[in-house]
file target-v1.txt (compact mmCIF, C-alpha atoms)
# COMPACT_ATOMS: atom_id res chain seq x y z
CA MET V 16 -20.17 27.29 25.34
CA ALA V 17 -17.71 27.13 28.19
CA SER V 18 -14.75 26.47 25.97
CA LYS V 19 -15.10 29.90 24.34
CA LYS V 20 -14.04 31.54 27.56
CA THR V 21 -10.77 29.67 28.08
CA ALA V 22 -7.57 31.49 27.15
CA PRO V 23 -6.13 30.50 23.75
CA LEU V 24 -2.93 29.26 25.38
CA GLN V 25 -4.95 26.89 27.56
CA GLU V 26 -6.48 25.30 24.44
CA PHE V 27 -2.97 24.40 23.35
CA ILE V 28 -1.56 23.34 26.70
CA LYS V 29 -4.41 21.07 27.78
CA GLY V 30 -3.52 18.46 25.14
CA LEU V 31 0.02 18.14 26.47
CA TRP V 32 -0.85 16.88 29.94
CA ARG V 33 -4.23 17.51 31.55
CA GLU V 34 -6.28 16.21 28.60
CA ASN V 35 -3.47 14.25 26.94
CA PRO V 36 -5.20 11.95 24.42
CA VAL V 37 -3.30 8.84 25.55
CA LEU V 38 -2.43 9.36 29.21
CA ALA V 39 -5.62 11.13 30.32
CA SER V 40 -8.35 10.24 27.81
CA LEU V 41 -6.99 6.79 26.82
CA LEU V 42 -7.89 7.44 23.17
CA GLY V 43 -6.22 6.08 20.06
CA LEU V 44 -4.67 3.18 21.97
CA CYS V 45 -4.63 0.80 19.00
CA PRO V 46 -1.81 2.60 17.13
CA VAL V 47 -0.16 3.46 20.44
CA LEU V 48 0.15 -0.22 21.29
CA ALA V 49 0.87 -1.49 17.82
CA VAL V 50 3.56 0.75 16.36
CA THR V 51 5.63 1.80 19.37
CA ASN V 52 8.20 -0.99 19.01
CA SER V 53 10.77 1.67 18.14
CA ALA V 54 11.12 5.41 18.67
CA ILE V 55 11.25 6.20 14.96
CA ASN V 56 8.01 4.32 14.27
CA GLY V 57 6.37 6.18 17.15
CA LEU V 58 7.56 9.51 15.76
CA ALA V 59 6.37 8.72 12.23
CA MET V 60 2.98 7.53 13.45
CA GLY V 61 2.65 10.60 15.69
CA LEU V 62 3.53 12.98 12.86
CA ALA V 63 1.13 11.30 10.43
CA THR V 64 -1.70 11.41 12.98
CA THR V 65 -0.97 15.06 13.86
CA PHE V 66 -0.94 16.02 10.20
CA VAL V 67 -4.36 14.45 9.70
CA LEU V 68 -5.70 15.92 12.95
CA LEU V 69 -4.48 19.43 12.19
CA SER V 70 -5.52 19.52 8.52
CA SER V 71 -8.96 18.11 9.12
CA SER V 72 -9.51 20.44 12.09
CA ILE V 73 -8.72 23.45 9.91
CA ILE V 74 -11.06 22.34 7.13
CA ILE V 75 -13.85 21.30 9.46
CA SER V 76 -13.78 24.48 11.51
CA LEU V 77 -13.88 26.45 8.25
CA VAL V 78 -16.89 24.64 6.83
CA ARG V 79 -18.63 23.87 10.15
CA LYS V 80 -21.48 26.30 9.48
CA VAL V 81 -22.45 24.91 6.08
CA ILE V 82 -22.47 21.21 7.04
CA PRO V 83 -25.99 20.10 7.99
CA HIS V 84 -26.06 18.54 11.43
CA GLN V 85 -27.46 15.21 10.13
CA VAL V 86 -24.51 14.51 7.82
CA ARG V 87 -21.71 15.93 9.94
CA ILE V 88 -20.15 12.56 10.82
CA ALA V 89 -20.21 11.45 7.18
CA SER V 90 -18.59 14.73 6.12
CA PHE V 91 -15.95 14.50 8.84
CA ILE V 92 -15.06 10.95 7.84
CA VAL V 93 -14.70 11.88 4.16
CA ILE V 94 -12.44 14.82 5.05
CA ILE V 95 -10.38 12.75 7.51
CA ALA V 96 -10.07 9.82 5.08
CA THR V 97 -8.82 12.17 2.36
CA PHE V 98 -6.01 13.46 4.55
CA VAL V 99 -5.17 9.96 5.76
CA THR V 100 -4.79 8.76 2.18
CA VAL V 101 -2.60 11.76 1.39
CA ALA V 102 -0.38 10.96 4.41
CA ASP V 103 -0.26 7.24 3.55
CA ARG V 104 0.79 7.86 -0.05
CA PHE V 105 3.31 10.47 1.11
CA LEU V 106 5.01 7.95 3.41
CA ALA V 107 4.93 5.22 0.76
CA ALA V 108 6.51 7.52 -1.83
CA TYR V 109 9.13 9.33 0.25
CA PHE V 110 9.77 7.07 3.28
CA PRO V 111 9.09 3.56 1.96
CA LEU V 112 10.90 1.78 4.80
CA ILE V 113 8.88 3.51 7.53
CA SER V 114 5.73 2.97 5.50
CA LYS V 115 6.47 -0.77 5.37
CA ASP V 116 7.05 -0.88 9.13
CA LEU V 117 3.83 0.94 9.98
CA GLY V 118 1.89 -1.32 7.63
CA PRO V 119 -1.89 -0.99 7.89
CA TYR V 120 -1.74 1.39 10.85
CA VAL V 121 -1.45 4.50 8.69
CA PRO V 122 -4.73 3.84 6.79
CA LEU V 123 -6.28 2.98 10.15
CA ILE V 124 -5.78 6.58 11.32
CA VAL V 125 -9.20 7.12 9.69
CA VAL V 126 -10.84 5.40 12.64
CA ASN V 127 -8.53 6.86 15.27
CA CYS V 128 -10.93 8.21 17.87
CA ILE V 129 -8.64 11.10 18.79
CA ILE V 130 -9.26 12.63 15.40
CA LEU V 131 -13.00 12.14 15.06
CA GLY V 132 -13.35 12.99 18.76
CA ARG V 133 -11.62 16.35 18.41
CA GLN V 134 -13.70 17.23 15.35
CA GLU V 135 -16.95 16.38 17.07
CA ALA V 136 -16.03 17.91 20.43
CA PHE V 137 -14.05 20.93 19.33
CA SER V 138 -13.48 21.91 15.68
CA SER V 139 -17.15 21.72 14.75
CA LYS V 140 -17.93 24.27 17.49
CA ASN V 141 -14.91 26.60 17.44
CA ASN V 142 -13.18 28.94 15.00
CA VAL V 143 -10.09 28.07 12.97
CA PHE V 144 -7.59 29.70 15.32
CA ARG V 145 -8.81 27.81 18.38
CA SER V 146 -9.09 24.58 16.42
CA ILE V 147 -5.46 24.86 15.31
CA LEU V 148 -4.35 25.42 18.91
CA ASP V 149 -6.45 22.54 20.18
CA SER V 150 -5.37 20.03 17.55
CA SER V 151 -1.69 20.96 17.61
CA GLY V 152 -1.69 20.60 21.40
CA MET V 153 -3.38 17.20 21.16
CA GLY V 154 -1.08 16.17 18.31
CA ILE V 155 2.10 17.13 20.17
CA GLY V 156 0.83 15.39 23.30
CA PHE V 157 0.25 12.27 21.18
CA ILE V 158 3.69 12.45 19.51
CA VAL V 159 5.49 12.87 22.83
CA VAL V 160 3.79 9.83 24.36
CA LEU V 161 4.51 7.73 21.25
CA ILE V 162 8.20 8.69 21.23
CA ILE V 163 8.60 8.06 24.97
CA LEU V 164 6.81 4.72 24.80
CA GLY V 165 8.58 3.74 21.55
CA GLY V 166 11.96 4.80 22.95
CA PHE V 167 11.37 2.97 26.23
CA ARG V 168 10.45 -0.24 24.41
CA GLU V 169 13.26 0.12 21.88
CA ILE V 170 15.95 0.69 24.53
CA LEU V 171 14.87 -2.29 26.62
CA GLY V 172 13.86 -4.55 23.73
CA SER V 173 16.61 -3.92 21.17
CA SER V 174 19.08 -1.84 23.27
CA THR V 175 18.97 0.93 20.66
CA PHE V 176 17.36 4.38 20.52
CA PHE V 177 16.44 5.81 17.10
CA GLY V 178 18.54 2.98 15.68
CA MET V 179 21.70 3.93 17.60
CA THR V 180 23.09 1.44 20.11
CA VAL V 181 22.79 2.94 23.57
CA LEU V 182 23.33 -0.04 25.83
CA GLY V 183 26.53 -2.06 25.65
CA GLU V 184 27.17 -5.73 25.07
CA TRP V 185 26.53 -6.46 28.77
CA PHE V 186 22.84 -5.79 28.29
CA ASP V 187 20.76 -8.70 27.08
CA PRO V 188 17.72 -7.14 25.31
CA TRP V 189 14.35 -7.99 26.82
CA MET V 190 12.74 -9.39 23.72
CA VAL V 191 9.30 -9.16 25.31
CA MET V 192 9.43 -5.36 25.19
CA ILE V 193 9.19 -5.21 21.39
CA LEU V 194 6.46 -7.86 21.35
CA PRO V 195 2.79 -6.98 21.99
CA PRO V 196 2.97 -7.69 25.77
CA GLY V 197 5.73 -5.07 26.02
CA ALA V 198 3.31 -2.50 24.62
CA PHE V 199 0.77 -3.21 27.34
CA LEU V 200 3.42 -3.27 30.08
CA GLY V 201 4.97 -0.01 28.88
CA LEU V 202 1.68 1.81 28.41
CA GLY V 203 0.37 0.67 31.79
CA PHE V 204 3.60 1.81 33.40
CA PHE V 205 3.36 5.31 31.89
CA ILE V 206 -0.33 5.73 32.70
CA ALA V 207 0.46 4.71 36.28
CA ILE V 208 3.22 7.32 36.48
CA ALA V 209 0.90 9.99 35.03
CA ASN V 210 -1.83 9.12 37.54
CA TRP V 211 0.67 9.11 40.39
CA ILE V 212 1.95 12.58 39.45
CA ASN V 213 -1.62 13.87 39.17
CA ALA V 214 -2.57 12.36 42.53
CA ARG V 215 0.43 13.96 44.20
CA GLY V 216 -0.46 17.29 42.59
CA ALA V 217 -4.04 17.03 43.85
CA LYS V 218 -2.87 16.37 47.41
CA ALA V 219 -0.47 19.29 47.53
CA MET W 24 -33.50 24.53 -0.10
CA SER W 25 -34.89 21.71 2.02
CA THR W 26 -32.66 19.98 4.53
CA SER W 27 -32.30 16.83 2.49
CA GLN W 28 -31.36 18.81 -0.61
CA LYS W 29 -28.79 20.66 1.42
CA MET W 30 -27.42 17.39 2.80
CA ILE W 31 -26.98 15.96 -0.70
CA PHE W 32 -25.49 19.18 -1.99
CA VAL W 33 -22.92 19.55 0.81
CA LEU W 34 -21.83 15.92 0.73
CA THR W 35 -21.48 16.03 -3.06
CA ILE W 36 -19.27 19.12 -2.88
CA ILE W 37 -17.10 17.61 -0.14
CA THR W 38 -16.61 14.30 -1.94
CA MET W 39 -15.85 16.11 -5.21
CA PHE W 40 -13.10 18.05 -3.50
CA ALA W 41 -11.79 14.90 -1.86
CA GLY W 42 -11.72 13.10 -5.22
CA GLY W 43 -9.89 15.99 -6.85
CA ILE W 44 -7.23 16.15 -4.16
CA LEU W 45 -6.71 12.39 -4.14
CA SER W 46 -6.38 11.98 -7.90
CA THR W 47 -3.88 14.86 -8.07
CA TRP W 48 -1.85 13.44 -5.20
CA ASP W 49 -1.98 9.96 -6.73
CA GLY W 50 -0.46 11.40 -9.91
CA VAL W 51 2.43 12.83 -7.87
CA THR W 52 3.19 9.79 -5.73
CA ARG W 53 2.39 6.82 -7.98
CA PRO W 54 5.55 7.05 -10.16
CA LEU W 55 7.71 7.25 -7.01
CA ILE W 56 6.02 4.28 -5.35
CA GLU W 57 6.27 2.16 -8.52
CA ALA W 58 9.90 3.13 -9.03
CA TYR W 59 10.67 2.05 -5.48
CA LYS W 60 8.93 -1.30 -5.99
CA LEU W 61 10.87 -1.96 -9.20
CA GLN W 62 14.13 -0.98 -7.52
CA GLU W 63 13.43 -3.35 -4.62
CA LEU W 64 12.58 -6.15 -7.06
CA LYS W 65 15.82 -5.64 -9.02
CA LYS W 66 17.82 -5.51 -5.81
CA ALA W 67 16.27 -8.78 -4.62
CA ILE W 68 16.91 -10.52 -7.96
CA ALA W 69 20.52 -9.31 -8.00
CA GLU W 70 20.99 -10.67 -4.50
CA VAL W 71 19.84 -14.21 -5.25
CA LEU W 72 21.26 -14.77 -8.74
CA PRO W 73 24.89 -15.03 -9.86
CA VAL W 74 26.15 -12.02 -11.81
CA TYR W 75 23.92 -11.37 -14.82
CA GLU W 76 23.59 -8.59 -17.36
CA SER W 77 19.88 -8.61 -18.12
CA TYR W 78 16.79 -10.61 -17.30
CA ASP W 79 13.62 -11.60 -19.19
CA GLU W 80 10.31 -12.14 -17.52
CA LEU W 81 8.41 -15.36 -18.01
CA ASN W 82 4.82 -15.52 -16.80
CA GLY W 83 2.75 -18.59 -16.17
CA ASN W 84 0.38 -20.05 -13.63
CA GLY W 85 0.33 -16.94 -11.45
CA MET W 86 4.12 -16.85 -11.11
CA THR W 87 6.67 -14.60 -12.73
CA LEU W 88 10.10 -16.07 -13.46
CA TYR W 89 13.04 -13.72 -13.94
CA VAL W 90 15.56 -15.43 -16.21
CA GLY W 91 19.01 -13.89 -15.73
CA ARG W 92 21.32 -13.88 -18.76
CA THR W 93 24.76 -12.70 -19.72
CA ASP W 94 25.61 -11.39 -23.19
CA THR W 95 28.31 -13.96 -23.83
CA VAL W 96 26.52 -17.27 -23.12
CA ILE W 97 23.18 -18.41 -24.52
CA GLU W 98 22.30 -20.49 -21.49
CA PRO W 99 20.79 -18.40 -18.66
CA VAL W 100 22.92 -18.03 -15.52
CA GLY W 101 19.99 -18.59 -13.22
CA ILE W 102 16.30 -18.15 -12.62
CA ALA W 103 14.76 -16.06 -9.86
CA PHE W 104 11.15 -16.05 -8.69
CA GLU W 105 9.05 -15.09 -5.73
CA ALA W 106 7.91 -18.00 -3.55
CA VAL W 107 4.99 -17.39 -1.21
CA GLY W 108 3.59 -19.69 1.46
CA ASN W 109 2.47 -19.98 5.06
CA GLY W 110 4.84 -19.27 7.91
CA PHE W 111 4.24 -19.55 11.65
CA GLN W 112 1.81 -16.63 11.88
CA GLY W 113 1.26 -15.41 8.34
CA LYS W 114 2.57 -15.38 4.81
CA ILE W 115 6.28 -15.59 4.11
CA SER W 116 7.41 -14.32 0.75
CA ILE W 117 10.87 -15.26 -0.50
CA MET W 118 12.86 -14.30 -3.58
CA VAL W 119 14.64 -17.48 -4.69
CA GLY W 120 17.42 -17.87 -7.20
CA VAL W 121 18.11 -21.29 -8.72
CA LYS W 122 20.41 -22.73 -11.38
CA PRO W 123 18.72 -23.08 -14.80
CA ASP W 124 18.16 -26.82 -14.20
CA PHE W 125 16.54 -26.09 -10.81
CA SER W 126 18.88 -28.55 -9.09
CA GLU W 127 20.61 -26.04 -6.84
CA ILE W 128 19.69 -22.81 -5.06
CA THR W 129 21.94 -19.84 -5.76
CA GLY W 130 20.51 -17.63 -3.02
CA ILE W 131 17.37 -16.61 -1.15
CA LYS W 132 16.12 -13.32 0.26
CA ILE W 133 13.10 -13.03 2.55
CA LEU W 134 10.91 -10.23 1.21
CA GLU W 135 8.01 -10.31 3.66
CA GLN W 136 7.29 -12.14 6.91
CA ILE W 137 5.51 -11.62 10.20
CA GLU W 138 7.30 -14.29 12.24
CA THR W 139 7.90 -13.90 15.99
CA PRO W 140 10.41 -11.07 16.56
CA GLY W 141 13.64 -12.43 17.99
CA LEU W 142 12.90 -16.06 17.10
CA GLY W 143 11.28 -16.57 13.72
CA THR W 144 12.81 -13.35 12.38
CA LYS W 145 16.18 -15.11 12.50
CA ILE W 146 15.21 -16.48 9.07
CA ILE W 147 16.36 -13.03 7.88
CA GLU W 148 19.04 -12.05 10.37
CA ASP W 149 20.26 -13.45 13.68
CA PRO W 150 21.81 -10.73 15.83
CA THR W 151 22.75 -13.30 18.50
CA ASN W 152 25.13 -15.15 16.19
CA LYS W 153 28.33 -13.11 16.34
CA GLU W 154 30.14 -15.01 13.57
CA ASP W 155 27.51 -14.80 10.86
CA ARG W 156 24.27 -12.91 11.41
CA PHE W 157 22.92 -14.27 8.12
CA TRP W 158 23.81 -17.88 8.82
CA PHE W 159 20.25 -19.11 8.19
CA PRO W 160 19.65 -17.62 4.71
CA ASN W 161 23.30 -18.31 3.81
CA GLN W 162 22.74 -22.04 4.32
CA PHE W 163 20.66 -22.01 1.16
CA ARG W 164 23.54 -20.96 -1.08
CA SER W 165 24.52 -23.95 -3.26
CA LEU W 166 21.91 -26.10 -1.50
CA LYS W 167 20.70 -29.05 -3.56
CA THR W 168 16.96 -29.09 -4.17
CA GLU W 169 16.73 -32.78 -5.07
CA PRO W 170 15.05 -34.94 -3.96
CA GLN W 171 13.97 -32.11 -1.63
CA ILE W 172 15.29 -29.71 1.00
CA GLU W 173 15.40 -31.35 4.45
CA VAL W 174 15.41 -29.56 7.80
CA ILE W 175 17.38 -31.10 10.66
CA LYS W 176 17.56 -30.02 14.29
CA ASN W 177 20.50 -29.30 16.59
CA VAL W 178 23.23 -30.85 14.45
CA LYS W 179 25.28 -29.48 11.58
CA PRO W 180 24.00 -30.64 8.18
CA SER W 181 25.96 -33.53 6.70
CA LYS W 182 24.23 -33.86 3.32
CA ASP W 183 24.12 -31.20 0.61
CA ASN W 184 20.32 -30.98 0.68
CA GLU W 185 20.05 -30.33 4.42
CA ILE W 186 19.77 -27.15 6.44
CA GLN W 187 19.90 -26.66 10.18
CA ALA W 188 16.76 -25.32 11.88
CA ILE W 189 16.82 -22.22 14.07
CA THR W 190 16.64 -23.16 17.76
CA GLY W 191 13.25 -22.01 19.05
CA ALA W 192 11.88 -21.40 15.57
CA THR W 193 11.60 -24.86 14.07
CA ILE W 194 8.23 -24.07 12.51
CA SER W 195 9.53 -20.96 10.77
CA SER W 196 12.61 -22.88 9.55
CA ARG W 197 10.48 -25.75 8.25
CA ALA W 198 8.08 -23.26 6.65
CA VAL W 199 10.90 -21.73 4.61
CA ALA W 200 12.01 -25.17 3.40
CA THR W 201 8.44 -26.23 2.55
CA ILE W 202 7.73 -23.01 0.67
CA LEU W 203 10.94 -23.48 -1.31
CA ASN W 204 10.26 -27.15 -2.06
CA GLN W 205 6.75 -26.45 -3.33
CA ASN W 206 7.54 -23.33 -5.32
CA ILE W 207 10.70 -24.67 -6.91
CA GLN W 208 8.70 -27.61 -8.31
CA ALA W 209 5.98 -25.23 -9.56
CA ALA W 210 8.52 -22.88 -11.15
CA LYS W 211 10.34 -25.79 -12.76
CA LYS W 212 7.11 -26.91 -14.44
CA ILE W 213 6.47 -23.42 -15.78
CA TYR W 214 10.02 -23.07 -17.06
CA GLN W 215 10.13 -26.47 -18.74
CA ASN W 216 6.75 -26.00 -20.42
CA LYS W 217 7.62 -22.57 -21.71
CA PRO W 218 7.06 -21.93 -25.41
CA ASN W 219 10.45 -21.76 -27.09
call {"tool": "encode", "arguments": {"input": "target-v1.txt", "output": "structure tokens"}}
result
Amino acid sequence: MASKKTAPLQEFIKGLWRENPVLASLLGLCPVLAVTNSAINGLAMGLATTFVLLSSSIIISLVRKVIPHQVRIASFIVIIATFVTVADRFLAAYFPLISKDLGPYVPLIVVNCIILGRQEAFSSKNNVFRSILDSSGMGIGFIVVLIILGGFREILGSSTFFGMTVLGEWFDPWMVMILPPGAFLGLGFFIAIANWINARGAKA
Amino acid sequence: MSTSQKMIFVLTIITMFAGGILSTWDGVTRPLIEAYKLQELKKAIAEVLPVYESYDELNGNGMTLYVGRTDTVIEPVGIAFEAVGNGFQGKISIMVGVKPDFSEITGIKILEQIETPGLGTKIIEDPTNKEDRFWFPNQFRSLKTEPQIEVIKNVKPSKDNEIQAITGATISSRAVATILNQNIQAAKKIYQNKPN
């Protein structure tokens, strides 16, 4: 396998930019679009997803040799769903307000293709150490995009950032930014910037 | 071991572990989640009723009535209940407080809604109104419920059973009034038919 030869640091770094789950692979877009109406919601969603991604990667890379190939997807889903439920109940018990805001999107992490995708493509073929590097890189890449997108929409749509007012009275909030169209506009804008930077890098 | 035996064995072990973890975690978080729900309920009741010292629950017809009482007077100070109905896009759920004869609202609090942000959400709070951000829910304080709550547009209410609609969110405003009208009648029936 080619991935065995890459340096451990590369496994971590690739998730941040080159293989960023949102900007490069366009995975997990449903939560990205739905919950980024504020920076705090983006952060909470990113942390919950990263927790599930990291924990299930560890478990799956540990047990990868005993799971028969035919039932691997079923086993992955059970493991992922367990961690998702743990994360969902954790938020409901300790951060009820955030849990209310995120609504059904926390349980829906089960079907987030970033998570199942990383298990299938990486953790089921690599050891625990590499899986931790891979999933934490992917997770951090995901969190960063969610905070940037959530912050961008929150500043323009409610003129606040993490709940603090950042723009003065003179600014009339663009309501559309916290509505669904704002999610598409914002995401498209950031993917365009990422592609532009990559294209410039390729030319140089 | 054949492959199919191995498949059954591995899946059984995995699901057993998952079940164990989940039931343990449920034991840890359930009391906290329930405590939070009860706290939210009490907060909502306290917000819509006049000052009370205790409340009894009265169940009937799928509704729960919270009858607020003080220690000094036999008559209850007010009755609170949750009213649910359709809004513009989905369910709106409102905690309503009324006088014991159901003739007047003492207060309302929107518990759940998925109205349009910036328009329909003004039923909870209107950040564009500098004088009173809660002008819409506040209109319901001391509002007469008989013959029924009426919604009027663009002018200040002149009768004591009228409220003014939110500009740009007439459907959400009407929805709140309709939900209240229907549920107050239903709650009244339950309360008046209660076994003494």
call {"tool": "atom_distance", "arguments": {"input": "target-v1.txt", "atom1": "atom CA of Thr129 of chain W", "atom2": "atom CA of Arg164 of chain W"}}
result
5.1 Å
call {"tool": "residues_around", "arguments": {"input": "target-v1.txt", "residues": "segment 103-117 of chain V", "least_positions_apart": "3", "cutoff": "10 Å", "atoms": "all atoms listed in the file", "output": "MDAnalysis selection string"}}
result
(chainID V and resid 46 49:52 55:57 59:60 63 97:100 120:124) or (chainID W and resid 45 48:49 51:60 135)
call {"tool": "write_last_selection", "arguments": {"input": "target-v1.txt", "atoms": "C-alpha atoms", "output": "mmCIF file, in the coordinates of the input"}}
result
data_model
loop_
_atom_site.group_PDB
_atom_site.id
_atom_site.type_symbol
_atom_site.label_atom_id
_atom_site.label_comp_id
_atom_site.auth_asym_id
_atom_site.auth_seq_id
_atom_site.Cartn_x
_atom_site.Cartn_y
_atom_site.Cartn_z
ATOM 1 C CA PRO V 46 -1.810 2.600 17.130
ATOM 2 C CA ALA V 49 0.870 -1.490 17.820
ATOM 3 C CA VAL V 50 3.560 0.750 16.360
ATOM 4 C CA THR V 51 5.630 1.800 19.370
ATOM 5 C CA ASN V 52 8.200 -0.990 19.010
ATOM 6 C CA ILE V 55 11.250 6.200 14.960
ATOM 7 C CA ASN V 56 8.010 4.320 14.270
ATOM 8 C CA GLY V 57 6.370 6.180 17.150
ATOM 9 C CA ALA V 59 6.370 8.720 12.230
ATOM 10 C CA MET V 60 2.980 7.530 13.450
ATOM 11 C CA ALA V 63 1.130 11.300 10.430
ATOM 12 C CA THR V 97 -8.820 12.170 2.360
ATOM 13 C CA PHE V 98 -6.010 13.460 4.550
ATOM 14 C CA VAL V 99 -5.170 9.960 5.760
ATOM 15 C CA THR V 100 -4.790 8.760 2.180
ATOM 16 C CA TYR V 120 -1.740 1.390 10.850
ATOM 17 C CA VAL V 121 -1.450 4.500 8.690
ATOM 18 C CA PRO V 122 -4.730 3.840 6.790
ATOM 19 C CA LEU V 123 -6.280 2.980 10.150
ATOM 20 C CA ILE V 124 -5.780 6.580 11.320
ATOM 21 C CA LEU W 45 -6.710 12.390 -4.140
ATOM 22 C CA TRP W 48 -1.850 13.440 -5.200
ATOM 23 C CA ASP W 49 -1.980 9.960 -6.730
ATOM 24 C CA VAL W 51 2.430 12.830 -7.870
ATOM 25 C CA THR W 52 3.190 9.790 -5.730
ATOM 26 C CA ARG W 53 2.390 6.820 -7.980
ATOM 27 C CA PRO W 54 5.550 7.050 -10.160
ATOM 28 C CA LEU W 55 7.710 7.250 -7.010
ATOM 29 C CA ILE W 56 6.020 4.280 -5.350
ATOM 30 C CA GLU W 57 6.270 2.160 -8.520
ATOM 31 C CA ALA W 58 9.900 3.130 -9.030
ATOM 32 C CA TYR W 59 10.670 2.050 -5.480
ATOM 33 C CA LYS W 60 8.930 -1.300 -5.990
ATOM 34 C CA GLU W 135 8.010 -10.310 3.660
#
call {"tool": "atom_distance", "arguments": {"input": "target-v1.txt", "atom1": "atom CA of Phe125 of chain W", "atom2": "atom CA of Lys65 of chain W"}}
result
20.5 Å
call {"tool": "atom_distance", "arguments": {"input": "target-v1.txt", "atom1": "atom CA of Val100 of chain W", "atom2": "atom CA of Asp124 of chain W"}}
result
10.1 Å
call {"tool": "closest_residue", "arguments": {"input": "target-v1.txt", "among": "W:Val119, W:Val199, W:Val74, W:Leu64", "to": "Thr93 of chain W", "atoms": "only C-alpha atoms"}}
result
W:Val74
call {"tool": "closest_residue", "arguments": {"input": "target-v1.txt", "among": "V:Phe177, V:Trp189, V:Trp211, V:Phe27", "to": "chain W", "atoms": "all atoms listed in the file"}}
result
V:Trp189
call {"tool": "residues_around", "arguments": {"input": "target-v1.txt", "residues": "Pro188 of chain V", "least_positions_apart": "6", "cutoff": "12 Å", "atoms": "all atoms listed in the file", "output": "PyMOL selection string"}}
result
(chain V and resi 167-175+180-182+194) or (chain W and resi 141+150-151)
call {"tool": "closest_residue", "arguments": {"input": "target-v1.txt", "among": "V:Arg133, V:Arg87, V:Lys140, V:Lys218", "to": "chain W", "atoms": "only C-alpha atoms"}}
result
V:Arg87
call {"tool": "residues_around", "arguments": {"input": "target-v1.txt", "residues": "Val47 of chain V", "least_positions_apart": "3", "cutoff": "9 Å", "atoms": "all atoms listed in the file", "output": "count of residues only"}}
result
14
call {"tool": "closest_residue", "arguments": {"input": "target-v1.txt", "among": "V:Ser90, V:Asn127, V:Ser138, V:Ser151", "to": "chain W", "atoms": "all atoms listed in the file"}}
result
V:Ser90
call {"tool": "closest_residue", "arguments": {"input": "target-v1.txt", "among": "W:Leu134, W:Gly191, W:Asp149, W:Ser126", "to": "Leu166 of chain W", "atoms": "all atoms listed in the file"}}
result
W:Ser126
call {"tool": "closest_residue", "arguments": {"input": "target-v1.txt", "among": "V:Val86, V:Ile147, V:Ile162, V:Cys128", "to": "chain W", "atoms": "only C-alpha atoms"}}
result
V:Val86
call {"tool": "residues_around", "arguments": {"input": "target-v1.txt", "residues": "Ile28 of chain V", "least_positions_apart": "2", "cutoff": "10 Å", "atoms": "only C-alpha atoms", "output": "VMD selection string"}}
result
chain V and resid 23 to 26 30 to 35 148 to 149 151 to 153 155 to 156
call {"tool": "write_last_selection", "arguments": {"input": "target-v1.txt", "atoms": "C-alpha atoms", "output": "compact mmCIF listing (two decimals), in the frame of the given file"}}
result
# COMPACT_ATOMS: atom_id res chain seq x y z
CA PRO V 23 -6.13 30.50 23.75
CA LEU V 24 -2.93 29.26 25.38
CA GLN V 25 -4.95 26.89 27.56
CA GLU V 26 -6.48 25.30 24.44
CA GLY V 30 -3.52 18.46 25.14
CA LEU V 31 0.02 18.14 26.47
CA TRP V 32 -0.85 16.88 29.94
CA ARG V 33 -4.23 17.51 31.55
CA GLU V 34 -6.28 16.21 28.60
CA ASN V 35 -3.47 14.25 26.94
CA LEU V 148 -4.35 25.42 18.91
CA ASP V 149 -6.45 22.54 20.18
CA SER V 151 -1.69 20.96 17.61
CA GLY V 152 -1.69 20.60 21.40
CA MET V 153 -3.38 17.20 21.16
CA ILE V 155 2.10 17.13 20.17
CA GLY V 156 0.83 15.39 23.30
call {"tool": "axis_aligned_box", "arguments": {"input": "target-v1.txt", "around": "segment 85-102 of chain W", "padding_each_side": "3 Å", "output": "lines of an AutoDock Vina configuration file"}}
result
center_x = 14.3
center_y = -15.9
center_z = -17.8
size_x = 34.0
size_y = 15.1
size_z = 19.4
